[in-house]
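File shown: work.tsv. Contents: TSV, C-alpha atoms.
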```tsv
chain	number	residue	atom	x	y	z
P	275	MET	CA	0.00	0.00	0.00
P	276	PRO	CA	1.44	3.39	-0.98
P	277	ASN	CA	2.44	5.89	1.66
P	278	ILE	CA	1.08	9.42	1.10
P	279	ASN	CA	3.06	12.31	2.56
P	280	TRP	CA	0.82	15.36	2.62
P	281	ASP	CA	2.82	17.32	5.21
P	282	LEU	CA	-0.21	19.24	6.46
P	283	GLY	CA	1.91	21.78	8.29
P	284	LEU	CA	3.06	23.48	5.05
P	285	PRO	CA	1.03	25.02	2.25
P	286	LEU	CA	2.59	22.82	-0.44
P	287	THR	CA	1.34	23.13	-3.99
P	288	ARG	CA	2.75	19.74	-5.04
P	289	LYS	CA	2.12	16.49	-3.24
P	290	TYR	CA	4.45	13.53	-3.44
P	291	LEU	CA	3.37	9.93	-3.63
P	292	PHE	CA	6.02	7.42	-2.48
P	293	THR	CA	5.45	3.94	-3.88
P	294	SER	CA	8.84	2.34	-3.18
P	295	GLN	CA	12.41	3.15	-2.24
P	296	HIS	CA	13.45	3.72	-5.87
P	297	SER	CA	10.61	5.69	-7.46
P	298	ILE	CA	8.90	8.96	-6.59
P	299	TYR	CA	5.82	10.11	-8.38
P	300	VAL	CA	4.86	13.79	-8.38
P	301	LEU	CA	1.16	14.56	-8.45
P	302	PRO	CA	-0.08	17.58	-10.42
P	303	ASP	CA	-0.50	20.95	-8.72
P	304	VAL	CA	-3.42	20.94	-6.36
P	305	PRO	CA	-4.75	23.94	-4.55
P	306	SER	CA	-4.28	24.12	-0.84
P	307	PRO	CA	-7.42	23.27	1.07
P	308	PRO	CA	-9.54	26.37	1.73
P	309	THR	CA	-9.16	27.92	5.10
P	310	TYR	CA	-12.23	29.27	6.81
P	311	ARG	CA	-11.63	32.25	9.00
P	312	THR	CA	-14.31	33.74	11.16
P	313	THR	CA	-13.80	37.44	11.52
P	314	MET	CA	-15.36	39.75	14.01
P	315	ASN	CA	-17.65	41.00	11.22
P	316	ASP	CA	-18.96	37.48	10.66
P	317	ILE	CA	-19.64	37.07	14.35
P	318	GLU	CA	-21.43	40.41	14.50
P	319	ALA	CA	-23.48	39.47	11.44
P	320	MET	CA	-24.52	36.18	13.05
P	321	LYS	CA	-25.56	38.01	16.21
P	322	LEU	CA	-27.61	40.50	14.21
P	323	ARG	CA	-29.34	37.72	12.27
P	324	ALA	CA	-30.24	36.01	15.54
P	325	LYS	CA	-31.47	39.29	17.02
P	326	TYR	CA	-33.50	40.47	14.00
P	327	THR	CA	-35.64	37.50	12.96
P	328	HIS	CA	-38.31	39.65	11.32
P	329	PHE	CA	-38.35	42.79	9.20
P	330	ARG	CA	-41.32	45.04	10.08
P	331	ILE	CA	-42.62	47.44	7.41
P	332	LEU	CA	-45.33	50.08	7.55
P	333	VAL	CA	-47.05	50.42	4.17
P	334	ILE	CA	-48.73	53.78	3.54
P	335	GLY	CA	-50.80	54.61	0.48
P	336	ARG	CA	-54.19	55.46	-0.84
P	337	ALA	CA	-56.87	52.86	-1.37
P	338	ASN	CA	-56.33	51.02	-4.66
P	339	ALA	CA	-52.71	52.22	-4.88
P	340	GLY	CA	-51.43	48.74	-5.73
P	341	LYS	CA	-50.07	48.02	-2.24
P	342	THR	CA	-51.23	44.38	-2.13
P	343	THR	CA	-49.88	43.72	-5.62
P	344	LEU	CA	-46.54	45.21	-4.58
P	345	LEU	CA	-46.38	43.08	-1.43
P	346	LYS	CA	-47.20	39.92	-3.36
P	347	ARG	CA	-44.38	40.67	-5.79
P	348	VAL	CA	-41.89	41.36	-3.02
P	349	CYS	CA	-42.88	38.16	-1.22
P	350	ASN	CA	-42.97	36.20	-4.49
P	351	THR	CA	-46.44	34.78	-3.82
P	352	ASP	CA	-49.96	34.65	-5.21
P	353	GLU	CA	-51.60	34.07	-1.84
P	354	ASP	CA	-53.55	36.76	-0.05
P	355	PRO	CA	-52.01	38.29	3.07
P	356	CYS	CA	-53.36	37.02	6.37
P	357	ILE	CA	-53.33	38.02	9.97
P	358	TYR	CA	-51.96	35.10	11.99
P	359	ASN	CA	-52.10	34.44	15.70
P	360	GLU	CA	-49.42	32.66	17.74
P	361	ASN	CA	-50.85	29.24	16.68
P	362	ASN	CA	-50.39	30.14	12.99
P	363	GLU	CA	-54.16	30.37	12.51
P	364	ASN	CA	-55.56	32.93	10.09
P	365	GLN	CA	-57.48	35.62	11.96
P	366	LEU	CA	-58.49	37.58	8.86
P	367	VAL	CA	-62.21	37.21	8.33
P	368	PRO	CA	-63.73	38.42	5.05
P	369	THR	CA	-65.82	41.53	5.59
P	370	ASP	CA	-67.80	44.09	3.63
P	371	GLU	CA	-65.79	46.86	5.32
P	372	ARG	CA	-63.12	47.00	2.63
P	373	GLY	CA	-60.66	49.82	3.11
P	374	ILE	CA	-61.00	49.99	6.89
P	375	HIS	CA	-57.52	49.66	8.35
P	376	ASN	CA	-56.14	49.09	11.81
P	377	ILE	CA	-52.51	50.12	11.73
P	378	GLU	CA	-51.81	48.07	14.87
P	379	LYS	CA	-52.77	44.76	13.25
P	380	GLN	CA	-49.79	43.11	11.65
P	381	PHE	CA	-50.13	40.84	8.66
P	382	MET	CA	-47.87	38.64	6.60
P	383	PHE	CA	-47.85	36.02	3.92
P	384	LYS	CA	-47.73	32.43	5.15
P	385	SER	CA	-45.02	31.64	2.60
P	386	ASN	CA	-42.80	34.51	3.82
P	387	PRO	CA	-43.27	35.05	7.56
P	388	GLN	CA	-40.00	36.99	7.97
P	389	LEU	CA	-41.65	40.11	6.54
P	390	ILE	CA	-44.28	41.65	8.81
P	391	PHE	CA	-46.44	44.42	7.40
P	392	HIS	CA	-48.71	47.08	8.87
P	393	ASP	CA	-51.24	48.77	6.61
P	394	SER	CA	-51.95	52.42	7.17
P	395	PRO	CA	-55.02	54.14	5.87
P	396	GLY	CA	-54.13	56.59	3.17
P	397	PHE	CA	-54.44	60.30	3.81
P	398	GLU	CA	-56.82	60.97	0.90
P	399	ALA	CA	-59.76	61.64	3.23
P	400	GLY	CA	-57.89	64.71	4.49
P	401	ASN	CA	-58.40	63.77	8.14
P	402	GLU	CA	-55.60	65.18	10.35
P	403	GLN	CA	-56.29	62.39	12.87
P	404	GLU	CA	-55.10	59.77	10.33
P	405	LEU	CA	-51.74	61.53	10.08
P	406	LYS	CA	-51.50	61.82	13.89
P	407	ASP	CA	-52.28	58.10	14.27
P	408	VAL	CA	-49.56	57.15	11.79
P	409	LEU	CA	-46.98	59.41	13.45
P	410	ALA	CA	-47.91	58.03	16.89
P	411	PHE	CA	-47.54	54.45	15.59
P	412	ILE	CA	-44.10	55.26	14.15
P	413	GLU	CA	-42.99	56.88	17.40
P	414	LYS	CA	-44.28	53.98	19.54
P	415	ARG	CA	-42.59	51.33	17.38
P	416	SER	CA	-39.34	53.29	17.28
P	417	LYS	CA	-39.22	53.31	21.09
P	418	ALA	CA	-39.66	49.52	21.35
P	419	ASN	CA	-36.72	47.81	23.03
P	420	ASN	CA	-37.37	44.40	21.49
P	421	PRO	CA	-36.06	44.38	17.89
P	422	SER	CA	-38.93	42.14	16.77
P	423	GLU	CA	-41.37	44.91	17.78
P	424	GLN	CA	-39.43	47.77	16.15
P	425	LEU	CA	-40.42	49.35	12.85
P	426	HIS	CA	-37.61	48.91	10.32
P	427	ALA	CA	-38.91	50.72	7.23
P	428	ILE	CA	-41.81	52.75	5.85
P	429	TRP	CA	-42.92	52.14	2.28
P	430	PHE	CA	-44.90	55.10	0.99
P	431	CYS	CA	-46.81	54.17	-2.18
P	432	VAL	CA	-47.39	57.07	-4.54
P	433	VAL	CA	-49.83	56.49	-7.40
P	434	LEU	CA	-48.49	58.04	-10.59
P	435	ASN	CA	-51.66	57.86	-12.65
P	436	ASP	CA	-53.38	60.56	-10.58
P	437	SER	CA	-53.41	64.20	-11.61
P	438	ARG	CA	-52.28	65.03	-8.05
P	439	PRO	CA	-49.84	62.35	-6.88
P	440	LEU	CA	-49.61	63.78	-3.33
P	441	SER	CA	-52.34	65.26	-1.16
P	442	GLU	CA	-51.78	68.07	1.32
P	443	LEU	CA	-51.55	65.61	4.24
P	444	GLU	CA	-49.08	63.44	2.32
P	445	TYR	CA	-46.86	66.49	1.78
P	446	LYS	CA	-47.20	67.19	5.49
P	447	PHE	CA	-46.12	63.61	6.30
P	448	PHE	CA	-42.92	64.06	4.32
P	449	ASN	CA	-42.24	67.46	5.89
P	450	GLU	CA	-43.06	66.46	9.49
P	451	LYS	CA	-40.21	65.66	11.82
P	452	ARG	CA	-40.71	61.99	12.66
P	453	ARG	CA	-39.18	60.35	15.70
P	454	GLY	CA	-37.29	57.11	15.51
P	455	ASN	CA	-35.08	57.49	12.47
P	456	VAL	CA	-37.12	54.97	10.44
P	457	PRO	CA	-36.26	55.23	6.74
P	458	VAL	CA	-39.09	56.24	4.40
P	459	ILE	CA	-38.92	54.71	0.93
P	460	ALA	CA	-41.15	56.23	-1.76
P	461	LEU	CA	-42.51	53.59	-4.12
P	462	PHE	CA	-44.15	54.78	-7.32
P	463	THR	CA	-47.02	52.51	-8.33
P	464	LYS	CA	-49.22	52.17	-11.39
P	465	PHE	CA	-46.55	53.60	-13.66
P	466	ASP	CA	-47.89	51.49	-16.55
P	467	ASP	CA	-51.27	53.28	-16.21
P	468	LEU	CA	-49.50	56.64	-16.46
P	469	ILE	CA	-47.77	55.56	-19.68
P	470	ALA	CA	-51.07	54.35	-21.14
P	471	GLN	CA	-52.76	57.73	-20.56
```

With the file now loaded, output its structure as structure tokens.
Amino acid sequence: MPNINWDLGLPLTRKYLFTSQHSIYVLPDVPSPPTYRTTMNDIEAMKLRAKYTHFRILVIGRANAGKTTLLKRVCNTDEDPCIYNENNENQLVPTDERGIHNIEKQFMFKSNPQLIFHDSPGFEAGNEQELKDVLAFIEKRSKANNPSEQLHAIWFCVVLNDSRPLSELEYKFFNEKRRGNVPVIALFTKFDDLIAQ
């Protein structure tokens, strides 16, 4: 049986195979085995992934702004969003009260539970209380100590096929000083309808 001398202490690029006292065979160049180094950045990244198991997003936009279509695309699903309890049971009951929103109720897609959404009523009714409720929700979630309860992003859906893309209250939302340093991302929806006009 041949004796293989790999000399693991050195990063050799050639390995020698000894078959007898009189003949030495040289194997072709082989790469050194990969070394896996764990850096402090990797450790920090693992800690963050363990700490932040969900990504919580507040979705703001007018009724029929394409919010559900957008969320389905992001989550790569055709299913309807549902409100789930701790036993993974759907709590969303069909109702005739379409368009009535409770910003406190979180919802998600069963196929993508890492993304948690909150739906805000749009500001098209012009009610100052709607804006105050949204700002209070943002402030409350930004003060949460538990990362799974914190708000991580705000998606503001702007419909481009309207003659007035932003209402007065929507302008006010963008100009208000919000607490919590939560990033606001403007998403322009229904662009294809604008092109067709």

Using Å and a single decimal, report how far CA of Arg415 (chain P) sits from CA of Leu461 (chain P).
21.6 Å

Which polymer residues have any atom within 9 Å of an atom of Asp354 (chain P), counting all atoms listed in the file, with same-chain residues fewer than 4 positions away left out, as a list in words?
Thr342, Lys346, Met382, Phe383 and Lys384 of chain P

Which residue is closest to Val456 (chain P)? Choose from P:Ala399, P:Val433, P:Leu409, P:Ile357 and count only C-alpha atoms.
P:Leu409

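Nearest to Ile390 (chain P) of all the residues P:Asn449, P:Ser422, P:Asn435, P:Asn315 is P:Ser422, based on only C-alpha atoms.
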
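Taking only C-alpha atoms into account, Phe397 (chain P) lies nearest to P:Arg336 out of the set P:Arg336, P:Lys464, P:Arg453, P:Lys417.
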
Contacts of Glu402 (chain P) within 8 Å, all atoms listed in the file, excl. fewer than 3 positions in-chain, as a PyMOL selection string:
chain P and resi 405-406+443

Within 8 Å of (-51.5, 43.3, 8.5), in the coordinates the file gives, what residues turn up when you count all atoms listed in the file, written out as a list in words?
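So the residues meeting the distance criterion are Pro355, Cys356, Ile357, Ile377, Glu378, Lys379, Gln380, Phe381, Met382, Ile390, Phe391, His392 and Asp393 of chain P.
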
What does the structure give for the distance between CA of Ala427 (chain P) and CA of Phe329 (chain P), in Å to one decimal?
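Computing it gives 8.2 Å between the two atoms.
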
Grab the CA of Leu440 (chain P) to CA of Gln424 (chain P) distance for me, in Å with one decimal place.
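These atoms are spaced 27.2 Å apart.
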
What's around His328 (chain P) at 10 Å? Count only C-alpha atoms, leave out sequence neighbours fewer than 4 positions away in its own chain, and write the answer as a ChimeraX atom specification.
/P:323-324,387-390,421-424,426

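The closest residue to Phe430 (chain P), picked from P:Thr351, P:Ser394, P:Asn376, P:Gln403 and counting only C-alpha atoms, is P:Ser394.
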
Residue among P:Ser416, P:Asn350, P:Thr343, P:Asn401 lying closest to Ser385 (chain P), counting only C-alpha atoms
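Nearest candidate to Ser385 (chain P) out of P:Ser416, P:Asn350, P:Thr343, P:Asn401: P:Asn350.
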
How about completing region 434-458 of chain P with N, CA, C and O atoms and giving it to me as a PDB file, in the coordinates of the input?
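Result file follows (out.pdb):
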```pdb
ATOM      1  N   LEU P 434     -48.910  57.092  -9.541  1.00  0.00           N
ATOM      2  CA  LEU P 434     -48.490  58.040 -10.590  1.00  0.00           C
ATOM      3  C   LEU P 434     -49.568  58.356 -11.607  1.00  0.00           C
ATOM      4  O   LEU P 434     -49.412  59.272 -12.384  1.00  0.00           O
ATOM      5  N   ASN P 435     -50.658  57.586 -11.622  1.00  0.00           N
ATOM      6  CA  ASN P 435     -51.660  57.860 -12.650  1.00  0.00           C
ATOM      7  C   ASN P 435     -52.674  58.918 -12.224  1.00  0.00           C
ATOM      8  O   ASN P 435     -53.613  59.197 -12.923  1.00  0.00           O
ATOM      9  N   ASP P 436     -52.490  59.492 -11.040  1.00  0.00           N
ATOM     10  CA  ASP P 436     -53.380  60.560 -10.580  1.00  0.00           C
ATOM     11  C   ASP P 436     -52.880  61.910 -11.082  1.00  0.00           C
ATOM     12  O   ASP P 436     -51.694  62.108 -11.313  1.00  0.00           O
ATOM     13  N   SER P 437     -53.817  62.854 -11.214  1.00  0.00           N
ATOM     14  CA  SER P 437     -53.410  64.200 -11.610  1.00  0.00           C
ATOM     15  C   SER P 437     -52.667  64.897 -10.470  1.00  0.00           C
ATOM     16  O   SER P 437     -51.830  65.755 -10.704  1.00  0.00           O
ATOM     17  N   ARG P 438     -52.992  64.510  -9.226  1.00  0.00           N
ATOM     18  CA  ARG P 438     -52.280  65.030  -8.050  1.00  0.00           C
ATOM     19  C   ARG P 438     -51.690  63.855  -7.290  1.00  0.00           C
ATOM     20  O   ARG P 438     -52.363  63.217  -6.502  1.00  0.00           O
ATOM     21  N   PRO P 439     -50.421  63.526  -7.523  1.00  0.00           N
ATOM     22  CA  PRO P 439     -49.840  62.350  -6.880  1.00  0.00           C
ATOM     23  C   PRO P 439     -49.794  62.441  -5.356  1.00  0.00           C
ATOM     24  O   PRO P 439     -49.872  61.437  -4.685  1.00  0.00           O
ATOM     25  N   LEU P 440     -49.674  63.641  -4.784  1.00  0.00           N
ATOM     26  CA  LEU P 440     -49.610  63.780  -3.330  1.00  0.00           C
ATOM     27  C   LEU P 440     -50.673  64.762  -2.848  1.00  0.00           C
ATOM     28  O   LEU P 440     -50.852  65.844  -3.422  1.00  0.00           O
ATOM     29  N   SER P 441     -51.353  64.374  -1.777  1.00  0.00           N
ATOM     30  CA  SER P 441     -52.340  65.260  -1.160  1.00  0.00           C
ATOM     31  C   SER P 441     -51.622  66.189  -0.179  1.00  0.00           C
ATOM     32  O   SER P 441     -50.430  66.029   0.104  1.00  0.00           O
ATOM     33  N   GLU P 442     -52.361  67.119   0.376  1.00  0.00           N
ATOM     34  CA  GLU P 442     -51.780  68.070   1.320  1.00  0.00           C
ATOM     35  C   GLU P 442     -51.245  67.336   2.569  1.00  0.00           C
ATOM     36  O   GLU P 442     -50.154  67.639   3.053  1.00  0.00           O
ATOM     37  N   LEU P 443     -52.007  66.356   3.066  1.00  0.00           N
ATOM     38  CA  LEU P 443     -51.550  65.610   4.240  1.00  0.00           C
ATOM     39  C   LEU P 443     -50.325  64.745   3.924  1.00  0.00           C
ATOM     40  O   LEU P 443     -49.464  64.552   4.775  1.00  0.00           O
ATOM     41  N   GLU P 444     -50.252  64.232   2.707  1.00  0.00           N
ATOM     42  CA  GLU P 444     -49.080  63.440   2.320  1.00  0.00           C
ATOM     43  C   GLU P 444     -47.836  64.326   2.264  1.00  0.00           C
ATOM     44  O   GLU P 444     -46.761  63.916   2.712  1.00  0.00           O
ATOM     45  N   TYR P 445     -47.974  65.533   1.742  1.00  0.00           N
ATOM     46  CA  TYR P 445     -46.860  66.490   1.780  1.00  0.00           C
ATOM     47  C   TYR P 445     -46.449  66.752   3.229  1.00  0.00           C
ATOM     48  O   TYR P 445     -45.274  66.808   3.554  1.00  0.00           O
ATOM     49  N   LYS P 446     -47.460  66.918   4.085  1.00  0.00           N
ATOM     50  CA  LYS P 446     -47.200  67.190   5.490  1.00  0.00           C
ATOM     51  C   LYS P 446     -46.446  66.015   6.135  1.00  0.00           C
ATOM     52  O   LYS P 446     -45.549  66.217   6.944  1.00  0.00           O
ATOM     53  N   PHE P 447     -46.818  64.782   5.766  1.00  0.00           N
ATOM     54  CA  PHE P 447     -46.120  63.610   6.300  1.00  0.00           C
ATOM     55  C   PHE P 447     -44.629  63.672   5.964  1.00  0.00           C
ATOM     56  O   PHE P 447     -43.780  63.419   6.812  1.00  0.00           O
ATOM     57  N   PHE P 448     -44.323  64.004   4.731  1.00  0.00           N
ATOM     58  CA  PHE P 448     -42.920  64.060   4.320  1.00  0.00           C
ATOM     59  C   PHE P 448     -42.174  65.234   4.964  1.00  0.00           C
ATOM     60  O   PHE P 448     -40.964  65.165   5.154  1.00  0.00           O
ATOM     61  N   ASN P 449     -42.890  66.293   5.296  1.00  0.00           N
ATOM     62  CA  ASN P 449     -42.240  67.460   5.890  1.00  0.00           C
ATOM     63  C   ASN P 449     -42.205  67.423   7.408  1.00  0.00           C
ATOM     64  O   ASN P 449     -41.459  68.187   8.019  1.00  0.00           O
ATOM     65  N   GLU P 450     -43.036  66.570   8.024  1.00  0.00           N
ATOM     66  CA  GLU P 450     -43.060  66.460   9.490  1.00  0.00           C
ATOM     67  C   GLU P 450     -41.764  65.844   9.991  1.00  0.00           C
ATOM     68  O   GLU P 450     -41.193  64.966   9.354  1.00  0.00           O
ATOM     69  N   LYS P 451     -41.356  66.291  11.160  1.00  0.00           N
ATOM     70  CA  LYS P 451     -40.210  65.660  11.820  1.00  0.00           C
ATOM     71  C   LYS P 451     -40.747  64.416  12.513  1.00  0.00           C
ATOM     72  O   LYS P 451     -41.596  64.498  13.393  1.00  0.00           O
ATOM     73  N   ARG P 452     -40.263  63.260  12.076  1.00  0.00           N
ATOM     74  CA  ARG P 452     -40.710  61.990  12.660  1.00  0.00           C
ATOM     75  C   ARG P 452     -39.664  61.502  13.644  1.00  0.00           C
ATOM     76  O   ARG P 452     -38.471  61.604  13.405  1.00  0.00           O
ATOM     77  N   ARG P 453     -40.103  60.927  14.716  1.00  0.00           N
ATOM     78  CA  ARG P 453     -39.180  60.350  15.700  1.00  0.00           C
ATOM     79  C   ARG P 453     -38.813  58.939  15.266  1.00  0.00           C
ATOM     80  O   ARG P 453     -39.556  58.274  14.580  1.00  0.00           O
ATOM     81  N   GLY P 454     -37.639  58.501  15.672  1.00  0.00           N
ATOM     82  CA  GLY P 454     -37.290  57.110  15.510  1.00  0.00           C
ATOM     83  C   GLY P 454     -36.334  56.787  14.381  1.00  0.00           C
ATOM     84  O   GLY P 454     -35.875  55.669  14.277  1.00  0.00           O
ATOM     85  N   ASN P 455     -36.065  57.737  13.515  1.00  0.00           N
ATOM     86  CA  ASN P 455     -35.080  57.490  12.470  1.00  0.00           C
ATOM     87  C   ASN P 455     -35.418  56.275  11.606  1.00  0.00           C
ATOM     88  O   ASN P 455     -34.554  55.492  11.242  1.00  0.00           O
ATOM     89  N   VAL P 456     -36.691  56.068  11.301  1.00  0.00           N
ATOM     90  CA  VAL P 456     -37.120  54.970  10.440  1.00  0.00           C
ATOM     91  C   VAL P 456     -37.076  55.459   9.003  1.00  0.00           C
ATOM     92  O   VAL P 456     -37.675  56.486   8.679  1.00  0.00           O
ATOM     93  N   PRO P 457     -36.364  54.750   8.127  1.00  0.00           N
ATOM     94  CA  PRO P 457     -36.260  55.230   6.740  1.00  0.00           C
ATOM     95  C   PRO P 457     -37.607  55.150   6.010  1.00  0.00           C
ATOM     96  O   PRO P 457     -38.356  54.191   6.166  1.00  0.00           O
ATOM     97  N   VAL P 458     -37.889  56.187   5.235  1.00  0.00           N
ATOM     98  CA  VAL P 458     -39.090  56.240   4.400  1.00  0.00           C
ATOM     99  C   VAL P 458     -38.652  56.026   2.953  1.00  0.00           C
ATOM    100  O   VAL P 458     -37.789  56.743   2.448  1.00  0.00           O
TER     101      VAL P 458
END
```
